[in-house]
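Working notes for the structure below.
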Amino acid sequence: MMQERKDYLTLHFIVLIWGFTAILGLLIDIPSVEVVFFRTLIAAIGLFVLLKFWKRSLKINSRKHMLQILGTGSLIALHWILFFLSARISNASVCLAGMATCSLWTSLIEPLSQGRKIKRFEVMLSIIAFIGIAVIFNVEFDYLTGLLTAVLSAFIASVFTVINGRLTKTYDPYVITYYEMVGACLSIAAFFPIYSAYFVESLSLIPSLSDWFYLSMLAIVCTVYAYSVSVELMKRLSAFSINLVVNLEPVYGIILALIIFGDSEEMSPGFYGGTLLILTSVLLYPLLNRRYKKKALSTDIIR
């Protein structure tokens with residue numbers, strides 16, 4: 001019980017740090033793709049040095065697992081690119097509101113991946129959350145593209161969270177994170193020729209001094225530390241319970257954004273109403289899940 005409480009407190013601290021990532025993304029001048037490239041490059045180097053200092057083995061026994069981890073890194077890269085893109089084409093608050101759908105995607109993906117039935121109350125909570133999204137659509141239509149981009153980013157995040165939940169049962173979380181950062185960095189590097197030919201006039205590969213500072217914070221604090229610890233927590237907490245707490249990221253992030261950016265982050269009452277619906281669906285889950293388990297247990301006893 002004490003360990004579980006400690007794990008959840010740690011997770012909340014990690015989510016607070018993640019609430020700051022959208023703000024860091026807005027403070028960095030270079031485009032989203034380059035931001036993620038430098039973030040993963042710095043993180044991979046930092047993790048490599050850390051693992052060598054700790055004298056931990058970097059060996060992955062299975063080639064299949066290695067490809068799976070590197071592939072998951074590609075998904076993480078896409079998730080982060082969409083995340084930062086959403087913040088830039090809308091704002092940090094809209095981006096974080098869209099990310100609040102992450103646990104709801106997980107409620108569908110996790111049972112399907114495990115071959116178990118989807119719980120009816122999870123579907124009900126998903127409907128409430130999507131009503132919240134619809135409310136935001138109606139009152140903040142100018143930010144529709146940004147919100148949809150964030151929702152897609154949340155879906156991808158739920159996929160790799162479920163994958164990581166399996167991988168942590170076999171490998172060191174920091175080793176997993178290292179190879180995922182390598183996979184993410186290599187994926188973006190491979191994408192650069194297409195990106196520079198069709199999406200931008202030239203690559204922004206020489207960040208300013210201030211960009212280097214914010215990129216280092218993003219890589220070391222938000223990735224090497226926060227992401228690695230979150231992967232380690234997956235050993236003891238389910239993917240859904242982790243994403244449930246992660247859905248408090250909008251609360252932390254929006255408060256931080258209002259403090260830092262002020263008026264530019266202020267939204268209409270409808271936006272906050274829609275966000276409240278999403279978070280309500282998320283926070284109702286533990287209560288309904290506990291009731292579901294008690295009902296299932298009593299049914300088994302009767303049988």
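Here's how to read the names in the structure tokens: chain A, B, ... by the order shown, residue numbers from 1 in each chain, ligand numbers from 1 in the order shown.
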
Open item on the list: Using DSSP assignments from the backbone, pull out every residue in region 188-290 of chain A that falls under alpha helix (DSSP H) and give it to me as a ChimeraX atom specification.
Closed with: /A:188-198,209-219,226-233,239-246,249-261,269-290

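With distances restricted to only C-alpha atoms, A:Leu104 is the closest residue to Val246 (chain A) from A:Arg63, A:Leu104, A:Leu288, A:Leu82.
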
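Going from CA of Ala77 (chain A) over to CA of Leu256 (chain A), you cover 24.3 Å.
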
Please tabulate, as CSV, the residues of region 184-274 of chain A that come within 12 Å of region 18-23 of chain A, each with its closest pair of atoms and the distance in Å to one decimal, counting only C-alpha atoms and ordering rows by chain, then residue number upward.
```
residue,atom,partner,partner_atom,distance
A:Tyr214,CA,A:Thr21,CA,9.8
A:Leu215,CA,A:Thr21,CA,10.2
A:Ser216,CA,A:Thr21,CA,11.8
A:Met217,CA,A:Thr21,CA,9.2
A:Leu218,CA,A:Thr21,CA,6.7
A:Ala219,CA,A:Thr21,CA,10.0
A:Ile220,CA,A:Thr21,CA,11.8
A:Val221,CA,A:Trp18,CA,9.4
A:Cys222,CA,A:Trp18,CA,6.3
A:Thr223,CA,A:Trp18,CA,9.0
A:Tyr225,CA,A:Trp18,CA,10.9
A:Ala226,CA,A:Trp18,CA,7.7
A:Tyr227,CA,A:Trp18,CA,8.9
A:Ser230,CA,A:Trp18,CA,10.8
A:Val245,CA,A:Trp18,CA,11.5
A:Val246,CA,A:Trp18,CA,8.5
A:Asn247,CA,A:Gly19,CA,9.9
A:Leu248,CA,A:Gly19,CA,8.5
A:Glu249,CA,A:Gly19,CA,4.9
A:Pro250,CA,A:Gly19,CA,6.6
A:Val251,CA,A:Gly19,CA,8.0
A:Tyr252,CA,A:Gly19,CA,5.5
A:Gly253,CA,A:Gly19,CA,4.0
A:Ile254,CA,A:Gly19,CA,7.8
A:Ile255,CA,A:Gly19,CA,9.1
A:Leu256,CA,A:Phe20,CA,7.1
A:Ala257,CA,A:Ile23,CA,6.5
A:Leu258,CA,A:Ile23,CA,10.2
A:Ile259,CA,A:Ile23,CA,10.8
A:Ile260,CA,A:Ile23,CA,8.4
A:Phe261,CA,A:Ile23,CA,8.8
A:Glu265,CA,A:Ile23,CA,10.8
```

Output of the above residues as an mmCIF file, in the first residue's frame, restricted to N, CA and C atoms:
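Produced file part31.cif, reproduced below:
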```
data_model
loop_
_atom_site.group_PDB
_atom_site.id
_atom_site.type_symbol
_atom_site.label_atom_id
_atom_site.label_comp_id
_atom_site.auth_asym_id
_atom_site.auth_seq_id
_atom_site.Cartn_x
_atom_site.Cartn_y
_atom_site.Cartn_z
ATOM 1 N N TYR A 214 16.380 25.311 -23.734
ATOM 2 C CA TYR A 214 15.058 24.705 -23.593
ATOM 3 C C TYR A 214 15.045 23.267 -24.115
ATOM 4 N N LEU A 215 15.789 22.998 -25.194
ATOM 5 C CA LEU A 215 15.894 21.623 -25.715
ATOM 6 C C LEU A 215 16.549 20.697 -24.692
ATOM 7 N N SER A 216 17.556 21.205 -23.998
ATOM 8 C CA SER A 216 18.239 20.406 -22.964
ATOM 9 C C SER A 216 17.289 20.087 -21.814
ATOM 10 N N MET A 217 16.474 21.069 -21.421
ATOM 11 C CA MET A 217 15.468 20.832 -20.376
ATOM 12 C C MET A 217 14.471 19.781 -20.836
ATOM 13 N N LEU A 218 14.042 19.915 -22.090
ATOM 14 C CA LEU A 218 13.075 18.993 -22.668
ATOM 15 C C LEU A 218 13.628 17.572 -22.702
ATOM 16 N N ALA A 219 14.911 17.444 -23.074
ATOM 17 C CA ALA A 219 15.530 16.135 -23.225
ATOM 18 C C ALA A 219 15.909 15.500 -21.887
ATOM 19 N N ILE A 220 16.559 16.274 -21.019
ATOM 20 C CA ILE A 220 17.073 15.714 -19.769
ATOM 21 C C ILE A 220 15.982 15.559 -18.710
ATOM 22 N N VAL A 221 15.220 16.637 -18.482
ATOM 23 C CA VAL A 221 14.216 16.601 -17.408
ATOM 24 C C VAL A 221 12.949 15.864 -17.844
ATOM 25 N N CYS A 222 12.403 16.257 -19.019
ATOM 26 C CA CYS A 222 11.119 15.707 -19.459
ATOM 27 C C CYS A 222 11.228 14.338 -20.125
ATOM 28 N N THR A 223 12.441 13.950 -20.544
ATOM 29 C CA THR A 223 12.591 12.679 -21.245
ATOM 30 C C THR A 223 13.449 11.692 -20.469
ATOM 31 N N TYR A 225 14.685 11.785 -17.491
ATOM 32 C CA TYR A 225 14.161 11.534 -16.151
ATOM 33 C C TYR A 225 12.697 11.099 -16.187
ATOM 34 N N ALA A 226 11.821 12.003 -16.649
ATOM 35 C CA ALA A 226 10.377 11.770 -16.534
ATOM 36 C C ALA A 226 9.899 10.550 -17.321
ATOM 37 N N TYR A 227 10.309 10.441 -18.572
ATOM 38 C CA TYR A 227 9.833 9.325 -19.390
ATOM 39 C C TYR A 227 10.359 7.995 -18.860
ATOM 40 N N SER A 230 8.509 6.963 -15.772
ATOM 41 C CA SER A 230 7.155 6.508 -16.114
ATOM 42 C C SER A 230 7.170 5.086 -16.661
ATOM 43 N N VAL A 245 -3.902 9.031 -14.716
ATOM 44 C CA VAL A 245 -3.235 10.133 -14.014
ATOM 45 C C VAL A 245 -2.654 11.121 -15.023
ATOM 46 N N VAL A 246 -2.147 10.601 -16.143
ATOM 47 C CA VAL A 246 -1.581 11.464 -17.180
ATOM 48 C C VAL A 246 -2.624 12.448 -17.700
ATOM 49 N N ASN A 247 -3.895 12.073 -17.595
ATOM 50 C CA ASN A 247 -4.951 12.971 -18.048
ATOM 51 C C ASN A 247 -5.122 14.198 -17.165
ATOM 52 N N LEU A 248 -4.417 14.239 -16.039
ATOM 53 C CA LEU A 248 -4.391 15.468 -15.240
ATOM 54 C C LEU A 248 -3.366 16.454 -15.808
ATOM 55 N N GLU A 249 -2.620 16.027 -16.826
ATOM 56 C CA GLU A 249 -1.646 16.902 -17.478
ATOM 57 C C GLU A 249 -2.279 18.212 -17.956
ATOM 58 N N PRO A 250 -3.501 18.174 -18.550
ATOM 59 C CA PRO A 250 -4.108 19.450 -18.960
ATOM 60 C C PRO A 250 -4.322 20.401 -17.795
ATOM 61 N N VAL A 251 -4.721 19.863 -16.634
ATOM 62 C CA VAL A 251 -4.956 20.721 -15.468
ATOM 63 C C VAL A 251 -3.663 21.423 -15.073
ATOM 64 N N TYR A 252 -2.595 20.618 -14.901
ATOM 65 C CA TYR A 252 -1.298 21.197 -14.543
ATOM 66 C C TYR A 252 -0.788 22.132 -15.643
ATOM 67 N N GLY A 253 -0.891 21.662 -16.889
ATOM 68 C CA GLY A 253 -0.358 22.422 -18.019
ATOM 69 C C GLY A 253 -1.082 23.728 -18.264
ATOM 70 N N ILE A 254 -2.414 23.700 -18.190
ATOM 71 C CA ILE A 254 -3.202 24.916 -18.432
ATOM 72 C C ILE A 254 -2.923 25.954 -17.343
ATOM 73 N N ILE A 255 -2.810 25.503 -16.091
ATOM 74 C CA ILE A 255 -2.477 26.421 -14.991
ATOM 75 C C ILE A 255 -1.100 27.049 -15.220
ATOM 76 N N LEU A 256 -0.123 26.212 -15.593
ATOM 77 C CA LEU A 256 1.230 26.720 -15.863
ATOM 78 C C LEU A 256 1.226 27.683 -17.056
ATOM 79 N N ALA A 257 0.457 27.337 -18.107
ATOM 80 C CA ALA A 257 0.387 28.187 -19.305
ATOM 81 C C ALA A 257 -0.237 29.544 -18.987
ATOM 82 N N LEU A 258 -1.284 29.549 -18.165
ATOM 83 C CA LEU A 258 -1.921 30.800 -17.775
ATOM 84 C C LEU A 258 -0.967 31.679 -16.972
ATOM 85 N N ILE A 259 -0.164 31.030 -16.108
ATOM 86 C CA ILE A 259 0.806 31.776 -15.301
ATOM 87 C C ILE A 259 1.892 32.391 -16.191
ATOM 88 N N ILE A 260 2.377 31.595 -17.173
ATOM 89 C CA ILE A 260 3.508 32.026 -18.004
ATOM 90 C C ILE A 260 3.085 32.930 -19.161
ATOM 91 N N PHE A 261 2.007 32.520 -19.879
ATOM 92 C CA PHE A 261 1.611 33.258 -21.086
ATOM 93 C C PHE A 261 0.454 34.231 -20.865
ATOM 94 N N GLU A 265 -3.539 32.579 -23.329
ATOM 95 C CA GLU A 265 -4.011 31.223 -23.027
ATOM 96 C C GLU A 265 -5.435 31.201 -22.478
#
```

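Picture a line from CA of Met99 (chain A) to CA of Ala157 (chain A); it runs 8.9 Å.
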
Task: Pick from A:Lys169, A:Arg120, A:Arg88, A:Arg56, whichever lies nearest to Thr145 (chain A) using only C-alpha atoms - done: A:Arg88

Open item on the list: Give me the residues near Ile45 (chain A) as a VMD selection string, where near means some atom within 12 Å (using only C-alpha atoms) and where sequence neighbours in that chain fewer than 6 positions away do not count.
Closed with: chain A and resid 38 to 39 51 to 52 177 to 179 181 to 182 185 216 219 to 220 223 to 224

Could you save those same residues with C-alpha atoms as a PDB file, in the first residue's frame?
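File produced: part_18.pdb:
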```
ATOM      1  CA  PHE A  38      17.201  17.277 -31.015  1.00  0.00           C
ATOM      2  CA  ARG A  39      15.128  16.139 -28.019  1.00  0.00           C
ATOM      3  CA  LEU A  51      23.742   3.573 -18.430  1.00  0.00           C
ATOM      4  CA  LYS A  52      27.506   3.281 -18.952  1.00  0.00           C
ATOM      5  CA  THR A 177      13.938   4.289 -23.151  1.00  0.00           C
ATOM      6  CA  TYR A 178      17.471   4.512 -24.581  1.00  0.00           C
ATOM      7  CA  TYR A 179      16.671   2.354 -27.605  1.00  0.00           C
ATOM      8  CA  MET A 181      15.079   7.441 -28.213  1.00  0.00           C
ATOM      9  CA  VAL A 182      17.582   5.985 -30.709  1.00  0.00           C
ATOM     10  CA  CYS A 185      15.998   9.964 -33.606  1.00  0.00           C
ATOM     11  CA  SER A 216      18.239  20.406 -22.964  1.00  0.00           C
ATOM     12  CA  ALA A 219      15.530  16.135 -23.225  1.00  0.00           C
ATOM     13  CA  ILE A 220      17.073  15.714 -19.769  1.00  0.00           C
ATOM     14  CA  THR A 223      12.591  12.679 -21.245  1.00  0.00           C
ATOM     15  CA  VAL A 224      15.642  11.077 -19.613  1.00  0.00           C
TER      16      VAL A 224
END
```

Open item on the list: If we count only C-alpha atoms and set the cut-off at 10 Å, which residues sit around Leu205 (chain A), ignoring sequence neighbours fewer than 3 positions away in its own chain? Please answer as a PyMOL selection string.
Closed with: chain A and resi 30-31+34-35+37-38+202+208
